[in-house]
Amino acid sequence: MNAKQDSGNPNLKQKALSGLAGRNLILVGLMGAGKTAIGKLVADKLKLPYVDTDQEIEAAAQMTIADLFEQYGEPEFRALETRVIERILTEGPAIVSTGGGAFVNPVNRKLIADSGLSLWLKADLETLWDRVRRRQTRPLLKTENPKQTLKNLMDARYPVYAEAEVTVLSRNVRKETVMRDVLKALAALHDRNEGAAHDQDAG
Ligand SMILES: Nc1ncnc2c1ncn2[C@@H]1O[C@H](COP(=O)(O)OP(=O)(O)OP(=O)(O)O)[C@@H](O)[C@H]1O
Ligand SMILES: O=C(O)C1=C[C@@H](O)[C@@H](O)[C@H](O)C1
Ligand SMILES: [Mg+2]
């Protein structure tokens, strides 16, 4: 079965929705992991609203994230990020893409755990670098050696992202393939719950 047929499989979609069980799906991971690109595809497929915390922050502040960092500093950005995440999660269920640093804050992790399912889109350094190198919009990468900065962020953050309930590899394949891998991961939760219910009935 090819990717297109598989992600069009109504059974996969239904199982994925069942695995999600009415919760928010919160995508976490580093810049370039595909939280925005894949998040939109998943939302489209599951017919759920799509929300991007970075975009919501920019709308709330009426300025770009780059300008926010420059004019108010990172701590102010992080405080706004938490307020925005809290609001978005209470308005769900939705597919929520978070900014790359959001899951690092334990307050945000608790908000996320209380209202949804966290999913880490994990990618290797070369894949990430290839995706982010062309755009200059990411303030944290405005350094002398942005690739090394990305590597340092990976080293610091990957142990934290690993706390997400589900991990999906954001490989160097078509976005639709990664989207389907996300659906499969959600469907696996459905299968696990079914198995547990079955075991309970049997026992
Ligand atoms: N599987 C993929 N194959 C090819 N390109 C991809 C894939 N996933 C994402 N991309 C591309 O990589 C770039 C970065 O992806 P995206 O903006 O979705 O990352 P992000 O995790 O939202 O990053 P940020 O934290 O900076 O918002 C985009 O141009 C996107 O189209
Ligand atoms: O990795 C990070 O800390 C960030 C990632 C972006 O999504 C933005 O949220 C912002 O540029 C900070
Ligand atoms: Mg994004």
# chains A, B, ... in the order shown; residues from 1 in each chain; ligands from 1
>>> residues_near_ligand(ligand="ligand 2", cutoff="10 Å", atoms="only C-alpha atoms and all ligand atoms", output="count of residues only")
40
>>> select_by_dssp(residues="segment 27-191 of chain A", states="strand (DSSP E)", output="number ranges by chain")
A: 27-28, 50-52, 95-97, 116-122, 166-169
>>> write_last_selection(atoms="C-alpha atoms", output="compact mmCIF listing (two decimals), in the first residue's frame")
# COMPACT_ATOMS: atom_id res chain seq x y z
CA LEU A 27 3.53 18.76 18.63
CA VAL A 28 6.89 19.50 20.19
CA TYR A 50 -4.91 23.74 13.64
CA VAL A 51 -3.24 26.25 15.94
CA ASP A 52 0.39 27.39 15.97
CA ILE A 95 -3.73 20.10 16.68
CA VAL A 96 -1.28 22.48 18.33
CA SER A 97 2.22 23.23 17.03
CA GLY A 116 -3.58 16.63 25.71
CA LEU A 117 -1.21 14.22 24.14
CA SER A 118 2.35 15.39 23.50
CA LEU A 119 4.12 14.17 20.39
CA TRP A 120 7.79 14.79 19.67
CA LEU A 121 8.73 15.21 16.05
CA LYS A 122 12.32 14.06 16.25
CA VAL A 166 4.77 9.73 21.70
CA THR A 167 7.79 10.15 19.41
CA VAL A 168 7.64 10.16 15.61
CA LEU A 169 10.73 10.45 13.42
>>> atom_distance(atom1="atom CA of Pro93 of chain A", atom2="atom CA of Gln14 of chain A")
15.7 Å
>>> select_by_dssp(residues="segment 19-60 of chain A", states="alpha helix (DSSP H)", output="list of chain:residue names")
A:Gly19, A:Leu20, A:Lys35, A:Thr36, A:Ala37, A:Ile38, A:Gly39, A:Lys40, A:Leu41, A:Val42, A:Ala43, A:Asp44, A:Lys45, A:Leu46, A:Thr53, A:Asp54, A:Gln55, A:Glu56, A:Ile57, A:Glu58, A:Ala59, A:Ala60
>>> closest_residue(among="A:Ala60, A:Val84, A:Leu125, A:Ala187", to="Ser170 of chain A", atoms="only C-alpha atoms")
A:Leu125
>>> closest_residue(among="A:Ala59, A:Ile38, A:Ala79, A:Ala94", to="ligand 1", atoms="only C-alpha atoms and all ligand atoms")
A:Ile38
>>> closest_residue(among="A:Asn24, A:Glu126, A:Lys45, A:Asn145", to="Glu86 of chain A", atoms="only C-alpha atoms")
A:Asn24
>>> closest_residue(among="A:Arg131, A:Lys47, A:Arg109, A:Lys13", to="ligand 3", atoms="only C-alpha atoms and all ligand atoms")
A:Arg131
>>> residues_around(residues="Ala185 of chain A", least_positions_apart="2", cutoff="10 Å", atoms="only C-alpha atoms", output="ChimeraX atom specification")
/A:15-16,19-20,119,166-168,179-183,187-191
>>> closest_residue(among="A:Glu56, A:Glu176, A:Asp155, A:Asp44", to="ligand 3", atoms="only C-alpha atoms and all ligand atoms")
A:Glu56
>>> atom_distance(atom1="atom CA of Gln148 of chain A", atom2="atom CA of Gln71 of chain A")
25.3 Å
>>> closest_residue(among="A:Val178, A:Ala123, A:Val132, A:Val42", to="ligand 3", atoms="only C-alpha atoms and all ligand atoms")
A:Val132
